[in-house]
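The structure appears right after this line, and notes come after that.
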Amino acid sequence: MKFKKMAQHLLLSLFVLFTVTSCAGIISSLKETGSAALEDPSVEKQLNRISLGINIIKTNHDILYNMPVSSDAEWVDKIVAEITDETKKRIEGQLKEDPYYATVAFTDRIKQQRQNKSGINNLFGEISPLTYQFYNRMNALYTDIDIHNNIPDIYQAPTCIDEYKQFKDVKLIEVEAQKGTRYPNVEEAVIALTPDPDTLKDARSEWNEKMVVVAELKQTTSELEAFIDDDNNVGHSELEEKKEELAVKKVELENAEKSADEQESIYSELLKEAVVVLESEYDPERVPLAKKLDKLLEAVDTGAVQAGVLFTTAIAKMTSSIEQIEFELKVFEDVKLASWFHGNDTIIQQMNYRQDRIVKNAIYAIPNITIGSYYAVKQSLIAGKYQKIVEVILDAYEAEQKQS
């Protein structure tokens, strides 16, 4: 029941995302829902979808707030580049390092044999386009990530608010501007294009602080709701205390959201005013940077939609998958038994890791969907606001080109 309610809420959020995003973002996301409709129920696959969505949110966050950008930044083109066969081969090599992809062929084979199905998946199972696109992003943004080297655990879900924004023990690549100005991040670069950047920076900073408060309260309320809705906690000594705490936190969250929305409105109005001024103040020197930012903002918008689709797909499939959890875990035990018989300790360790990760990720599934969908919507909306700044510059540039 909890997942059905969340699915309804997220479908509304996705409608908001679809109305502001690009066709490319929608098409790539629909491929994910299409493949999910054909797959067998699996709790692990849905938990992996949630984690992948969170990680797309992390890369979006780094693009918007942490990644230096200039008019000639090469990493921008890598982010939006087409996924070639060579790129896929490299990514598949990285996927082998994850216990899921390293052993999914064994678990899938047993599942299909038990269910009297013909054929088996390929060595890695089905690798979705969103997985390839995420790994391509990761390889473009972070340094020293390669096969057998410093690959983060993509499918381990966050357990605290800071983990929604950055990867552990992973560093961003070094970026130097060969020409023009190097800005600390996309947001700073967009604001630098406006007539009154200082005022916008102050308003932006205050809005960001308020959004952090909202995200923290969303995590707390989601964790409390998960505890209260868990049938295993019926009669728990802390149940009534948790209910009282939830009531208080919901009021705090409502007030925090109202405050954040008010600040967002102030910031949005300032951006609108900047667009009006830019319409009459065309400067060709702004064009090269605007072109780079246009690509990145499109990528952020697309990533937000992809994350939202992953969350919604996971919830929709989770309802039927939960009924299969005992069968799913029994398959794990069968793989470990066969591996023990053949003396393959590596597979046993990988299967144990998968089992432990499922348990941890299941605990945080609802908070992760709640916070992840919140960030996805906000990232898409802010990308849309910044695109208006960039577009007015590029529209003026195109008009000038037609006249010349």
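Quick note on naming: the chains in the structure tokens go A, B, ... in the order shown, residues restart at 1 in each chain, and ligands are numbered from 1 in order of appearance.
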Polymer residues at most 12 Å from Ile173 (chain A), only C-alpha atoms, same-chain spacing of 4 or more positions, as a list of chain:residue names: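 Once the adjacent positions are removed, what remains is A:Asp62, A:Ile63, A:Asn66, A:Met67, A:Pro68, A:Val69, A:Ala73, A:Glu74, A:Trp75, A:Val76, A:Arg137, A:Met138, A:Asn139, A:Ala140, A:Leu141, A:Tyr142, A:Thr143, A:Asp144, A:Ile145.
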All residues 12 Å or closer to Tyr375 (chain A), only C-alpha atoms, same chain fewer than 4 positions away omitted, as a short mmCIF file (atom, residue, chain, number, x, y, z; two decimals) with all heavy atoms, in the first residue's frame:
```
data_model
loop_
_atom_site.label_atom_id
_atom_site.label_comp_id
_atom_site.auth_asym_id
_atom_site.auth_seq_id
_atom_site.Cartn_x
_atom_site.Cartn_y
_atom_site.Cartn_z
N SER A 13 4.85 14.06 -9.92
CA SER A 13 6.15 14.72 -10.04
C SER A 13 6.72 14.53 -11.44
O SER A 13 7.29 15.46 -12.02
CB SER A 13 7.14 14.16 -9.00
OG SER A 13 6.68 14.40 -7.70
N LEU A 17 8.02 17.04 -14.53
CA LEU A 17 9.29 16.93 -15.24
C LEU A 17 9.09 16.82 -16.74
O LEU A 17 9.77 17.47 -17.52
CB LEU A 17 10.05 15.68 -14.74
CG LEU A 17 10.66 15.78 -13.35
CD1 LEU A 17 11.25 14.43 -12.96
CD2 LEU A 17 11.73 16.84 -13.29
N GLY A 53 19.21 6.02 -9.87
CA GLY A 53 18.57 7.33 -9.92
C GLY A 53 19.24 8.33 -8.99
O GLY A 53 19.48 9.49 -9.37
N ILE A 54 19.56 7.88 -7.78
CA ILE A 54 20.26 8.76 -6.82
C ILE A 54 21.61 9.18 -7.37
O ILE A 54 22.02 10.35 -7.24
CB ILE A 54 20.45 8.03 -5.47
CG1 ILE A 54 19.11 7.80 -4.79
CG2 ILE A 54 21.37 8.83 -4.56
CD1 ILE A 54 18.39 9.04 -4.32
N ASN A 55 22.31 8.26 -8.02
CA ASN A 55 23.64 8.59 -8.54
C ASN A 55 23.56 9.56 -9.73
O ASN A 55 24.47 10.37 -9.92
CB ASN A 55 24.37 7.31 -8.93
CG ASN A 55 24.91 6.59 -7.71
OD1 ASN A 55 25.58 7.16 -6.88
ND2 ASN A 55 24.58 5.31 -7.59
N ILE A 56 22.51 9.48 -10.53
CA ILE A 56 22.32 10.48 -11.57
C ILE A 56 22.12 11.85 -10.94
O ILE A 56 22.65 12.86 -11.41
CB ILE A 56 21.12 10.10 -12.47
CG1 ILE A 56 21.45 8.84 -13.27
CG2 ILE A 56 20.79 11.25 -13.43
CD1 ILE A 56 20.28 8.29 -14.07
N ILE A 57 21.35 11.87 -9.84
CA ILE A 57 21.14 13.13 -9.10
C ILE A 57 22.47 13.68 -8.61
O ILE A 57 22.71 14.89 -8.64
CB ILE A 57 20.19 12.89 -7.91
CG1 ILE A 57 18.79 12.50 -8.40
CG2 ILE A 57 20.11 14.11 -7.01
CD1 ILE A 57 18.08 13.55 -9.19
N LYS A 58 23.35 12.79 -8.15
CA LYS A 58 24.68 13.23 -7.67
C LYS A 58 25.48 13.88 -8.78
O LYS A 58 26.12 14.93 -8.57
CB LYS A 58 25.46 12.03 -7.11
CG LYS A 58 24.96 11.48 -5.79
CD LYS A 58 25.83 10.31 -5.36
CE LYS A 58 25.32 9.64 -4.11
NZ LYS A 58 26.17 8.49 -3.70
N THR A 59 25.48 13.27 -9.96
CA THR A 59 26.23 13.86 -11.07
C THR A 59 25.62 15.19 -11.48
O THR A 59 26.35 16.13 -11.82
CB THR A 59 26.30 12.91 -12.28
OG1 THR A 59 24.97 12.59 -12.72
CG2 THR A 59 27.04 11.63 -11.93
N ASN A 60 24.29 15.27 -11.45
CA ASN A 60 23.63 16.55 -11.73
C ASN A 60 24.09 17.63 -10.74
O ASN A 60 24.35 18.77 -11.11
CB ASN A 60 22.11 16.40 -11.64
CG ASN A 60 21.47 16.09 -12.98
OD1 ASN A 60 22.14 16.02 -14.01
ND2 ASN A 60 20.17 15.89 -12.98
N HIS A 61 24.16 17.23 -9.48
CA HIS A 61 24.58 18.17 -8.43
C HIS A 61 26.00 18.66 -8.68
O HIS A 61 26.28 19.86 -8.56
CB HIS A 61 24.48 17.51 -7.06
CG HIS A 61 24.83 18.42 -5.92
ND1 HIS A 61 23.92 19.26 -5.33
CD2 HIS A 61 26.01 18.64 -5.28
CE1 HIS A 61 24.51 19.95 -4.37
NE2 HIS A 61 25.77 19.59 -4.32
N ILE A 161 22.10 12.45 4.54
CA ILE A 161 21.76 13.50 3.58
C ILE A 161 22.96 13.91 2.71
O ILE A 161 22.80 14.21 1.53
CB ILE A 161 21.18 14.73 4.32
CG1 ILE A 161 20.44 15.65 3.34
CG2 ILE A 161 22.25 15.48 5.08
CD1 ILE A 161 19.19 15.07 2.78
N TYR A 164 23.65 12.18 -0.75
CA TYR A 164 22.82 12.44 -1.93
C TYR A 164 23.50 13.42 -2.88
O TYR A 164 23.03 13.62 -3.99
CB TYR A 164 21.46 13.01 -1.52
CG TYR A 164 20.58 12.02 -0.82
CD1 TYR A 164 20.58 11.92 0.57
CD2 TYR A 164 19.77 11.15 -1.54
CE1 TYR A 164 19.79 11.00 1.22
CE2 TYR A 164 18.97 10.22 -0.90
CZ TYR A 164 18.99 10.15 0.49
OH TYR A 164 18.21 9.23 1.14
N LYS A 165 24.59 14.01 -2.45
CA LYS A 165 25.21 15.08 -3.23
C LYS A 165 26.58 14.73 -3.78
O LYS A 165 27.06 15.37 -4.71
CB LYS A 165 25.33 16.34 -2.36
CG LYS A 165 23.99 16.90 -1.91
CD LYS A 165 24.19 18.14 -1.07
CE LYS A 165 22.85 18.72 -0.63
NZ LYS A 165 23.03 19.93 0.19
N ASN A 208 19.28 27.98 -1.71
CA ASN A 208 19.97 26.70 -1.55
C ASN A 208 19.97 26.24 -0.09
O ASN A 208 19.77 25.06 0.21
CB ASN A 208 21.41 26.80 -2.06
CG ASN A 208 21.48 26.80 -3.57
OD1 ASN A 208 20.51 26.47 -4.25
ND2 ASN A 208 22.63 27.17 -4.11
N MET A 211 16.58 24.90 0.79
CA MET A 211 16.33 23.59 0.18
C MET A 211 17.01 22.47 0.97
O MET A 211 16.48 21.37 1.08
CB MET A 211 16.80 23.58 -1.27
CG MET A 211 15.85 24.27 -2.23
SD MET A 211 16.15 23.79 -3.96
CE MET A 211 17.82 24.40 -4.20
N VAL A 212 18.18 22.75 1.52
CA VAL A 212 18.88 21.75 2.33
C VAL A 212 18.05 21.39 3.56
O VAL A 212 17.92 20.21 3.93
CB VAL A 212 20.27 22.26 2.76
CG1 VAL A 212 20.88 21.35 3.81
CG2 VAL A 212 21.19 22.36 1.55
N VAL A 214 14.79 21.57 3.84
CA VAL A 214 13.65 20.77 3.38
C VAL A 214 14.07 19.32 3.14
O VAL A 214 13.38 18.38 3.56
CB VAL A 214 13.05 21.37 2.08
CG1 VAL A 214 12.02 20.41 1.48
CG2 VAL A 214 12.41 22.72 2.36
N ALA A 215 15.21 19.13 2.47
CA ALA A 215 15.68 17.76 2.17
C ALA A 215 15.94 16.98 3.46
O ALA A 215 15.60 15.79 3.56
CB ALA A 215 16.94 17.83 1.32
N GLU A 216 16.54 17.63 4.45
CA GLU A 216 16.82 16.97 5.72
C GLU A 216 15.53 16.55 6.42
O GLU A 216 15.42 15.44 6.96
CB GLU A 216 17.64 17.89 6.62
CG GLU A 216 19.08 18.09 6.14
CD GLU A 216 19.83 19.13 6.94
OE1 GLU A 216 19.17 19.87 7.70
OE2 GLU A 216 21.07 19.20 6.80
N LYS A 218 12.64 16.01 4.95
CA LYS A 218 12.03 14.94 4.15
C LYS A 218 12.64 13.59 4.50
O LYS A 218 11.93 12.58 4.58
CB LYS A 218 12.20 15.24 2.66
CG LYS A 218 11.18 16.22 2.09
CD LYS A 218 11.35 16.37 0.60
CE LYS A 218 10.25 17.26 0.03
NZ LYS A 218 8.92 16.60 0.06
N GLN A 219 13.94 13.57 4.71
CA GLN A 219 14.59 12.32 5.08
C GLN A 219 14.08 11.84 6.44
O GLN A 219 13.74 10.66 6.62
CB GLN A 219 16.11 12.48 5.13
CG GLN A 219 16.82 11.18 5.50
CD GLN A 219 18.32 11.34 5.62
OE1 GLN A 219 18.82 12.43 5.93
NE2 GLN A 219 19.06 10.28 5.37
N VAL A 300 21.51 18.19 -17.52
CA VAL A 300 20.96 18.17 -16.17
C VAL A 300 19.46 17.89 -16.21
O VAL A 300 18.93 17.07 -15.45
CB VAL A 300 21.24 19.50 -15.44
CG1 VAL A 300 20.43 19.58 -14.14
CG2 VAL A 300 22.72 19.65 -15.14
N ASP A 301 18.78 18.58 -17.11
CA ASP A 301 17.33 18.38 -17.26
C ASP A 301 17.02 16.93 -17.63
O ASP A 301 16.14 16.29 -17.04
CB ASP A 301 16.83 19.34 -18.34
CG ASP A 301 15.32 19.35 -18.44
OD1 ASP A 301 14.66 19.11 -17.41
OD2 ASP A 301 14.79 19.59 -19.54
N GLY A 303 18.93 14.30 -17.14
CA GLY A 303 19.28 13.43 -16.02
C GLY A 303 18.21 13.43 -14.94
O GLY A 303 17.91 12.38 -14.35
N ALA A 304 17.62 14.59 -14.67
CA ALA A 304 16.56 14.67 -13.66
C ALA A 304 15.36 13.83 -14.05
O ALA A 304 14.76 13.12 -13.23
CB ALA A 304 16.15 16.13 -13.46
N VAL A 305 14.99 13.88 -15.33
CA VAL A 305 13.87 13.07 -15.81
C VAL A 305 14.21 11.58 -15.72
O VAL A 305 13.39 10.76 -15.30
CB VAL A 305 13.51 13.44 -17.27
CG1 VAL A 305 12.50 12.46 -17.85
CG2 VAL A 305 12.93 14.85 -17.32
N ALA A 307 16.22 10.10 -13.66
CA ALA A 307 16.16 9.70 -12.25
C ALA A 307 14.71 9.52 -11.81
O ALA A 307 14.36 8.53 -11.14
CB ALA A 307 16.85 10.73 -11.38
N GLY A 308 13.85 10.45 -12.19
CA GLY A 308 12.44 10.33 -11.84
C GLY A 308 11.80 9.09 -12.41
O GLY A 308 11.00 8.42 -11.74
N PHE A 311 12.91 6.05 -10.37
CA PHE A 311 12.21 5.94 -9.09
C PHE A 311 10.79 5.41 -9.29
O PHE A 311 10.35 4.52 -8.58
CB PHE A 311 12.14 7.32 -8.40
CG PHE A 311 13.48 7.90 -8.06
CD1 PHE A 311 13.70 9.27 -8.16
CD2 PHE A 311 14.53 7.10 -7.64
CE1 PHE A 311 14.93 9.82 -7.85
CE2 PHE A 311 15.76 7.63 -7.33
CZ PHE A 311 15.98 9.01 -7.44
N ASN A 368 15.01 7.21 0.21
CA ASN A 368 15.78 7.53 -0.99
C ASN A 368 14.88 7.97 -2.14
O ASN A 368 15.23 8.90 -2.89
CB ASN A 368 16.62 6.32 -1.42
CG ASN A 368 17.84 6.14 -0.53
OD1 ASN A 368 18.33 7.09 0.07
ND2 ASN A 368 18.34 4.93 -0.44
N ILE A 369 13.75 7.32 -2.30
CA ILE A 369 12.82 7.72 -3.35
C ILE A 369 12.26 9.11 -3.06
O ILE A 369 12.14 9.96 -3.95
CB ILE A 369 11.68 6.70 -3.49
CG1 ILE A 369 12.23 5.38 -4.05
CG2 ILE A 369 10.58 7.22 -4.40
CD1 ILE A 369 11.23 4.24 -4.02
N THR A 370 11.91 9.35 -1.81
CA THR A 370 11.32 10.64 -1.42
C THR A 370 12.30 11.78 -1.67
O THR A 370 11.96 12.78 -2.32
CB THR A 370 10.91 10.62 0.06
OG1 THR A 370 9.96 9.56 0.28
CG2 THR A 370 10.30 11.95 0.47
N ILE A 371 13.51 11.63 -1.17
CA ILE A 371 14.50 12.70 -1.31
C ILE A 371 14.99 12.80 -2.75
O ILE A 371 15.18 13.88 -3.30
CB ILE A 371 15.69 12.47 -0.35
CG1 ILE A 371 15.19 12.45 1.09
CG2 ILE A 371 16.74 13.56 -0.51
CD1 ILE A 371 16.20 11.99 2.10
N GLN A 379 16.06 20.02 -9.56
CA GLN A 379 17.14 20.17 -10.55
C GLN A 379 16.59 20.47 -11.93
O GLN A 379 17.14 21.30 -12.66
CB GLN A 379 18.00 18.90 -10.57
CG GLN A 379 18.89 18.74 -9.36
CD GLN A 379 19.67 17.43 -9.37
OE1 GLN A 379 19.43 16.56 -10.21
NE2 GLN A 379 20.61 17.28 -8.45
N SER A 380 15.50 19.81 -12.29
CA SER A 380 14.90 20.07 -13.59
C SER A 380 14.37 21.50 -13.68
O SER A 380 14.54 22.19 -14.69
CB SER A 380 13.77 19.07 -13.85
OG SER A 380 13.19 19.30 -15.12
N LEU A 381 13.72 21.94 -12.61
CA LEU A 381 13.16 23.30 -12.61
C LEU A 381 14.25 24.36 -12.67
O LEU A 381 14.13 25.35 -13.41
CB LEU A 381 12.28 23.49 -11.37
CG LEU A 381 10.98 22.68 -11.35
CD1 LEU A 381 10.24 22.86 -10.03
CD2 LEU A 381 10.08 23.06 -12.51
N ILE A 382 15.33 24.17 -11.91
CA ILE A 382 16.40 25.18 -11.92
C ILE A 382 17.12 25.17 -13.25
O ILE A 382 17.52 26.23 -13.77
CB ILE A 382 17.38 24.97 -10.75
CG1 ILE A 382 18.27 26.22 -10.56
CG2 ILE A 382 18.26 23.75 -10.95
CD1 ILE A 382 17.52 27.46 -10.22
N ALA A 383 17.28 24.00 -13.86
CA ALA A 383 17.91 23.94 -15.18
C ALA A 383 17.05 24.70 -16.19
O ALA A 383 17.58 25.43 -17.04
CB ALA A 383 18.08 22.49 -15.63
#
```
From A:Ala247, A:Ser320, A:Gln263, A:Lys258, residue lying nearest Glu209 (chain A) [only C-alpha atoms]: A:Gln263
Pick from A:Gln178, A:Gln94, A:Thr107, A:Asn136, whichever lies nearest to Ser70 (chain A) using only C-alpha atoms: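 Nearest candidate to Ser70 (chain A) out of A:Gln178, A:Gln94, A:Thr107, A:Asn136: A:Gln178.
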Near-Tyr155 (chain A) list (8 Å; only C-alpha atoms; drop same-chain fewer than 4 positions) as a list in words: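 In the requested form, the answer reads Leu47, Asn48, Ser51 and Leu52 of chain A.
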I want to know what sits within 12 Å of Gly180 (chain A), based on only C-alpha atoms, with residues of the same chain fewer than 6 positions away left out; could you give that as a PDB file with N, CA and C atoms, in the first residue's frame?
```pdb
ATOM      1  N   VAL A  69      33.681  25.263 -15.177  1.00  0.00           N
ATOM      2  CA  VAL A  69      33.281  25.317 -16.580  1.00  0.00           C
ATOM      3  C   VAL A  69      33.810  26.589 -17.226  1.00  0.00           C
ATOM      4  N   SER A  70      34.120  26.478 -18.501  1.00  0.00           N
ATOM      5  CA  SER A  70      34.569  27.626 -19.286  1.00  0.00           C
ATOM      6  C   SER A  70      34.022  27.469 -20.700  1.00  0.00           C
ATOM      7  N   SER A  71      34.251  28.452 -21.523  1.00  0.00           N
ATOM      8  CA  SER A  71      33.730  28.411 -22.886  1.00  0.00           C
ATOM      9  C   SER A  71      34.399  27.333 -23.741  1.00  0.00           C
ATOM     10  N   ASP A  72      35.544  26.801 -23.275  1.00  0.00           N
ATOM     11  CA  ASP A  72      36.243  25.773 -24.053  1.00  0.00           C
ATOM     12  C   ASP A  72      36.446  24.476 -23.261  1.00  0.00           C
ATOM     13  N   ALA A  73      35.618  24.260 -22.235  1.00  0.00           N
ATOM     14  CA  ALA A  73      35.755  23.066 -21.389  1.00  0.00           C
ATOM     15  C   ALA A  73      35.455  21.802 -22.187  1.00  0.00           C
ATOM     16  N   ALA A 189      28.474  30.333 -13.622  1.00  0.00           N
ATOM     17  CA  ALA A 189      28.675  30.773 -15.007  1.00  0.00           C
ATOM     18  C   ALA A 189      27.412  31.412 -15.571  1.00  0.00           C
ATOM     19  N   GLU A 285      30.231  38.414 -26.936  1.00  0.00           N
ATOM     20  CA  GLU A 285      31.256  37.739 -26.132  1.00  0.00           C
ATOM     21  C   GLU A 285      30.642  36.707 -25.180  1.00  0.00           C
ATOM     22  N   ARG A 286      29.351  36.813 -24.927  1.00  0.00           N
ATOM     23  CA  ARG A 286      28.685  35.859 -24.048  1.00  0.00           C
ATOM     24  C   ARG A 286      28.346  34.541 -24.768  1.00  0.00           C
ATOM     25  N   VAL A 287      28.359  34.547 -26.075  1.00  0.00           N
ATOM     26  CA  VAL A 287      27.863  33.421 -26.863  1.00  0.00           C
ATOM     27  C   VAL A 287      28.635  32.118 -26.643  1.00  0.00           C
ATOM     28  N   PRO A 288      29.982  32.095 -26.709  1.00  0.00           N
ATOM     29  CA  PRO A 288      30.697  30.817 -26.536  1.00  0.00           C
ATOM     30  C   PRO A 288      30.374  30.122 -25.219  1.00  0.00           C
ATOM     31  N   LEU A 289      30.328  30.882 -24.135  1.00  0.00           N
ATOM     32  CA  LEU A 289      29.993  30.285 -22.840  1.00  0.00           C
ATOM     33  C   LEU A 289      28.541  29.821 -22.831  1.00  0.00           C
TER      34      LEU A 289
END
```
Backbone DSSP call of helix (DSSP H, G or I) for region 32-231 of chain A, listed as a ChimeraX atom specification: /A:32-38,43-65,74-79,85-95,99-114,129-141,161-164,186-192,197-229,231
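Going from CA of Lys378 (chain A) to CA of Ala299 (chain A) covers 14.4 Å.
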Nearby residues (only C-alpha atoms) at most 10 Å from Glu279 (chain A), same-chain spacing under 4 positions excluded, as an NGL selection string: :A and (274-275 or 389 or 392-393 or 395-396)
Restrict the selected residues to all heavy atoms and save them as a compact mmCIF listing (two decimals), in the first residue's frame.
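This is the output file part_0.txt:
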```txt
# COMPACT_ATOMS: atom_id res chain seq x y z
N ALA A 274 16.36 39.46 -15.30
CA ALA A 274 17.63 39.38 -16.03
C ALA A 274 17.39 39.05 -17.50
O ALA A 274 18.06 39.59 -18.39
CB ALA A 274 18.54 38.34 -15.38
N VAL A 275 16.44 38.16 -17.77
CA VAL A 275 16.12 37.80 -19.15
C VAL A 275 15.63 39.02 -19.92
O VAL A 275 16.04 39.26 -21.07
CB VAL A 275 15.05 36.69 -19.18
CG1 VAL A 275 14.52 36.49 -20.60
CG2 VAL A 275 15.63 35.38 -18.66
N ILE A 389 17.97 32.05 -19.48
CA ILE A 389 19.07 33.04 -19.56
C ILE A 389 19.93 32.73 -20.78
O ILE A 389 20.26 33.62 -21.58
CB ILE A 389 19.94 32.99 -18.29
CG1 ILE A 389 19.12 33.40 -17.06
CG2 ILE A 389 21.17 33.88 -18.45
CD1 ILE A 389 18.79 34.85 -16.96
N VAL A 392 18.11 33.26 -24.36
CA VAL A 392 17.92 34.64 -24.86
C VAL A 392 19.20 35.14 -25.52
O VAL A 392 19.16 35.89 -26.50
CB VAL A 392 17.47 35.58 -23.72
CG1 VAL A 392 18.59 35.86 -22.73
CG2 VAL A 392 16.91 36.88 -24.29
N ILE A 393 20.35 34.70 -25.02
CA ILE A 393 21.63 35.06 -25.63
C ILE A 393 21.80 34.36 -26.97
O ILE A 393 22.19 34.97 -27.97
CB ILE A 393 22.79 34.70 -24.68
CG1 ILE A 393 22.70 35.55 -23.40
CG2 ILE A 393 24.14 34.91 -25.36
CD1 ILE A 393 23.67 35.13 -22.31
N ASP A 395 19.42 33.09 -28.87
CA ASP A 395 18.42 33.58 -29.83
C ASP A 395 18.88 34.88 -30.49
O ASP A 395 18.71 35.06 -31.71
CB ASP A 395 17.08 33.81 -29.13
CG ASP A 395 16.39 32.50 -28.76
OD1 ASP A 395 16.80 31.45 -29.29
OD2 ASP A 395 15.44 32.53 -27.94
N ALA A 396 19.47 35.74 -29.69
CA ALA A 396 19.98 37.01 -30.24
C ALA A 396 21.14 36.74 -31.20
O ALA A 396 21.26 37.40 -32.24
CB ALA A 396 20.43 37.92 -29.11
```
